[in-house]
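Dropping start_6.csv in here (CSV, C-alpha atoms):
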chain,number,residue,atom,x,y,z
V,922,MET,CA,8.1,-11.7,-1.5
V,923,SER,CA,4.8,-13.0,-0.3
V,924,LYS,CA,1.6,-11.8,-2.0
V,925,THR,CA,-0.5,-12.6,1.0
V,926,GLN,CA,-0.4,-11.9,4.7
V,927,LYS,CA,-2.0,-13.9,7.5
V,928,LEU,CA,-4.9,-12.4,9.5
V,929,THR,CA,-6.6,-13.7,12.6
V,930,ILE,CA,-10.3,-12.9,12.9
V,931,THR,CA,-13.0,-13.8,15.4
V,932,LEU,CA,-16.5,-14.9,14.1
V,933,GLY,CA,-19.6,-15.8,15.9
V,934,ASN,CA,-20.6,-19.5,16.0
V,935,LEU,CA,-23.6,-19.0,13.6
V,936,ASP,CA,-21.5,-17.2,11.0
V,937,LEU,CA,-18.8,-19.8,11.2
V,938,ALA,CA,-21.4,-22.6,10.9
V,939,LYS,CA,-22.8,-21.0,7.7
V,940,ILE,CA,-19.3,-20.8,6.2
V,941,ASP,CA,-18.7,-24.4,7.1
V,942,LEU,CA,-22.0,-25.4,5.4
V,943,LEU,CA,-21.0,-23.6,2.2
V,944,VAL,CA,-17.6,-25.4,2.3
V,945,ASP,CA,-19.4,-28.7,2.8
V,946,MET,CA,-21.7,-27.9,-0.1
V,947,GLN,CA,-18.5,-27.3,-2.2
V,948,SER,CA,-19.4,-23.7,-2.9
V,949,TYR,CA,-16.0,-22.8,-1.5
V,950,SER,CA,-12.9,-25.0,-1.1
V,951,SER,CA,-12.2,-23.7,2.5
V,952,ARG,CA,-13.0,-21.2,5.1
V,953,SER,CA,-10.1,-19.1,3.9
V,954,ASP,CA,-11.4,-19.2,0.3
V,955,PHE,CA,-14.8,-17.9,1.5
V,956,ILE,CA,-13.3,-15.1,3.6
V,957,ARG,CA,-11.0,-14.0,0.8
V,958,ASP,CA,-14.0,-13.9,-1.6
V,959,ALA,CA,-16.1,-12.0,0.9
V,960,VAL,CA,-13.4,-9.4,1.6
V,961,ARG,CA,-12.8,-8.9,-2.2
V,962,ASN,CA,-16.5,-8.4,-2.9
V,963,HIS,CA,-16.9,-6.0,0.0
V,964,LEU,CA,-13.8,-4.0,-1.0
V,965,LYS,CA,-15.3,-3.6,-4.5
V,966,SER,CA,-18.2,-1.7,-3.0
V,967,PHE,CA,-15.7,0.8,-1.6
V,968,GLU,CA,-13.6,1.2,-4.8
V,969,PRO,CA,-15.0,4.6,-5.8
V,970,ASP,CA,-14.3,5.9,-2.2
V,971,ILE,CA,-10.7,4.5,-2.3
V,972,LYS,CA,-10.0,6.0,-5.7
V,973,ALA,CA,-11.5,9.4,-4.6
V,974,PHE,CA,-9.3,9.4,-1.5
V,975,VAL,CA,-6.2,8.7,-3.5
V,976,GLU,CA,-7.1,11.4,-6.0
V,977,ALA,CA,-7.9,13.9,-3.2
V,978,GLU,CA,-4.4,13.3,-1.7
V,979,HIS,CA,-2.9,14.4,-4.9
V,980,ALA,CA,-5.2,17.4,-5.6
V,981,PHE,CA,-3.1,20.1,-3.9
V,982,LYS,CA,0.1,20.3,-5.9
V,983,GLU,CA,3.2,22.5,-5.2
V,984,LYS,CA,5.9,23.2,-7.7
V,985,GLU,CA,8.6,21.8,-5.4
V,986,VAL,CA,6.7,18.7,-4.6
V,987,ALA,CA,6.1,15.6,-6.8
V,988,GLU,CA,3.3,13.3,-6.0
V,989,ILE,CA,4.1,9.6,-6.4
V,990,GLY,CA,1.6,6.9,-5.8
V,991,GLY,CA,-1.6,5.1,-6.6
V,992,ILE,CA,-3.4,1.8,-6.0
V,993,GLY,CA,-1.7,-1.5,-6.5
V,994,VAL,CA,2.1,-2.1,-6.8
V,995,ILE,CA,3.9,1.2,-7.1
V,996,ALA,CA,7.7,1.1,-7.9
V,997,LEU,CA,9.9,3.7,-6.4
V,998,LYS,CA,13.1,3.8,-8.6
V,999,ARG,CA,16.5,5.4,-8.0
V,1000,ASP,CA,16.3,7.4,-11.3
V,1001,ASP,CA,13.0,9.0,-10.1
V,1002,LEU,CA,14.6,10.2,-6.9
V,1003,LEU,CA,17.8,11.4,-8.7
V,1004,TYR,CA,15.6,13.4,-11.0
V,1005,LEU,CA,13.8,15.0,-8.1
V,1006,LYS,CA,17.2,15.8,-6.5
V,1007,GLU,CA,18.4,17.4,-9.7
V,1008,LYS,CA,15.3,19.5,-9.9
V,1009,GLN,CA,15.5,20.3,-6.1
V,1010,MET,CA,12.1,18.8,-5.5
V,1011,LYS,CA,10.7,16.5,-2.8
V,1012,ALA,CA,8.3,13.6,-3.1
V,1013,ASP,CA,5.0,13.0,-1.3
V,1014,ILE,CA,4.2,9.3,-1.6
V,1015,MET,CA,0.8,7.9,-1.2
V,1016,VAL,CA,0.1,4.2,-1.9
V,1017,VAL,CA,-2.7,1.8,-1.3
V,1018,GLY,CA,-1.1,-1.6,-1.8
V,1019,LEU,CA,2.6,-2.2,-2.1
V,1020,LEU,CA,5.4,0.3,-2.4
V,1021,ALA,CA,8.3,-1.5,-4.0
V,1022,VAL,CA,11.5,0.4,-3.3
V,1023,SER,CA,14.4,-0.2,-5.6
V,1024,LYS,CA,17.3,-1.8,-3.6
V,1025,ASP,CA,19.8,0.6,-5.2
V,1026,ILE,CA,18.3,3.7,-3.5
V,1027,GLU,CA,20.8,5.0,-0.9
V,1028,LEU,CA,19.6,6.1,2.5
V,1029,GLU,CA,20.8,9.7,2.0
V,1030,LEU,CA,19.0,10.0,-1.4
V,1031,ALA,CA,15.8,8.9,0.3
V,1032,LYS,CA,16.3,11.4,3.1
V,1033,GLU,CA,17.0,14.2,0.7
V,1034,THR,CA,14.1,13.6,-1.7
V,1035,ILE,CA,11.1,12.1,0.3
V,1036,ARG,CA,9.1,14.7,2.2
V,1037,ASN,CA,6.0,12.7,3.3
V,1038,ILE,CA,4.8,9.1,3.0
V,1039,LYS,CA,1.5,7.3,3.5
V,1040,VAL,CA,1.3,3.6,2.7
V,1041,TYR,CA,-1.9,1.6,3.3
V,1042,GLY,CA,-0.3,-1.7,2.8
V,1043,SER,CA,3.4,-2.8,2.7
V,1044,ILE,CA,6.8,-1.4,1.9
V,1045,ARG,CA,9.4,-3.7,0.4
V,1046,GLY,CA,13.1,-2.9,-0.5
V,1047,GLY,CA,16.5,-2.4,1.1
V,1048,LYS,CA,16.4,-2.7,4.9
V,1049,LYS,CA,17.8,0.7,5.8
V,1050,VAL,CA,15.6,2.7,3.3
V,1051,VAL,CA,12.5,0.6,4.3
V,1052,ALA,CA,13.2,1.3,8.0
V,1053,LEU,CA,13.5,5.1,7.2
V,1054,LEU,CA,10.2,5.0,5.3
V,1055,GLU,CA,8.4,3.0,8.1
V,1056,GLU,CA,9.6,5.6,10.6
V,1057,MET,CA,8.4,8.5,8.3
V,1058,ARG,CA,5.1,6.7,7.9
V,1059,LYS,CA,4.4,6.8,11.7
V,1060,LYS,CA,4.6,10.6,11.7

Would you put the structure from the file into structure tokens?
Amino acid sequence: MSKTQKLTITLGNLDLAKIDLLVDMQSYSSRSDFIRDAVRNHLKSFEPDIKAFVEAEHAFKEKEVAEIGGIGVIALKRDDLLYLKEKQMKADIMVVGLLAVSKDIELELAKETIRNIKVYGSIRGGKKVVALLEEMRKK
């Protein structure tokens, strides 16, 4: 599983020239290194907003609904869904980052126990369950 994804961007000539100068000055090892650093630093300025958004998504709780999620790598395990099924509950999932779905989760169990899903990032796991979650994510 890759921890990075490729992204194509378009920059103006002057911005690109400044990046190249910083690389030549050995401030950065490459254009990509500069862009990764710039993105990380800019995202840090939005960290309070991102955390507030995630918390607001979980603010309205229902007794029949369990909120699963957070920021970073969130694991969705078969035992968690079995517990929800036993308690006749559904899950609302909200992740900023990676949702790692256990490969032993059956398609029917996911259908029975997951009500809503929002993932700002990637979903990894068994092909059929990931396909279901990707379809649910579009709604």

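With distances restricted to only C-alpha atoms, V:Lys1039 is the closest residue to Ile989 in chain V from V:Lys972, V:Arg957, V:Lys1032, V:Lys1039.
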
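Distances to Gly990 in chain V were evaluated for V:Asp970, V:Asp945, V:Asp1013, V:Glu1056 using only C-alpha atoms, and the minimum falls at V:Asp1013.
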
If I put a ball of radius 12 Å at (8.4, 13.2, -6.1) in the file's coordinates, which residues poke into it when counting only C-alpha atoms, written as a VMD selection string?
chain V and resid 979 982 to 990 997 to 1015 1031 1033 to 1038

Export of prior selection with C-alpha atoms as a CSV table (one decimal), keeping the file's coordinate frame:
chain,number,residue,atom,x,y,z
V,979,HIS,CA,-2.9,14.4,-4.9
V,982,LYS,CA,0.1,20.3,-5.9
V,983,GLU,CA,3.2,22.5,-5.2
V,984,LYS,CA,5.9,23.2,-7.7
V,985,GLU,CA,8.6,21.8,-5.4
V,986,VAL,CA,6.7,18.7,-4.6
V,987,ALA,CA,6.1,15.6,-6.8
V,988,GLU,CA,3.3,13.3,-6.0
V,989,ILE,CA,4.1,9.6,-6.4
V,990,GLY,CA,1.6,6.9,-5.8
V,997,LEU,CA,9.9,3.7,-6.4
V,998,LYS,CA,13.1,3.8,-8.6
V,999,ARG,CA,16.5,5.4,-8.0
V,1000,ASP,CA,16.3,7.4,-11.3
V,1001,ASP,CA,13.0,9.0,-10.1
V,1002,LEU,CA,14.6,10.2,-6.9
V,1003,LEU,CA,17.8,11.4,-8.7
V,1004,TYR,CA,15.6,13.4,-11.0
V,1005,LEU,CA,13.8,15.0,-8.1
V,1006,LYS,CA,17.2,15.8,-6.5
V,1007,GLU,CA,18.4,17.4,-9.7
V,1008,LYS,CA,15.3,19.5,-9.9
V,1009,GLN,CA,15.5,20.3,-6.1
V,1010,MET,CA,12.1,18.8,-5.5
V,1011,LYS,CA,10.7,16.5,-2.8
V,1012,ALA,CA,8.3,13.6,-3.1
V,1013,ASP,CA,5.0,13.0,-1.3
V,1014,ILE,CA,4.2,9.3,-1.6
V,1015,MET,CA,0.8,7.9,-1.2
V,1031,ALA,CA,15.8,8.9,0.3
V,1033,GLU,CA,17.0,14.2,0.7
V,1034,THR,CA,14.1,13.6,-1.7
V,1035,ILE,CA,11.1,12.1,0.3
V,1036,ARG,CA,9.1,14.7,2.2
V,1037,ASN,CA,6.0,12.7,3.3
V,1038,ILE,CA,4.8,9.1,3.0

When you look at range 1040-1054 of chain V with a cut-off of 7 Å (counting all atoms listed in the file), what residues show up, excluding the ones that are within fewer than 5 positions of it in the same chain? I need them as number ranges by chain.
V: 1015-1024, 1028, 1031

Taking into account all atoms listed in the file, which residue in the set V:Met946, V:Ile992, V:Ile956, V:Ser951 is nearest to Pro969 in chain V?
V:Ile992

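As for CA of Arg952 in chain V and CA of Lys965 in chain V, they are spaced 20.2 Å apart.
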
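The coordinates place CA of Val975 in chain V at 28.6 Å from CA of Asp954 in chain V.
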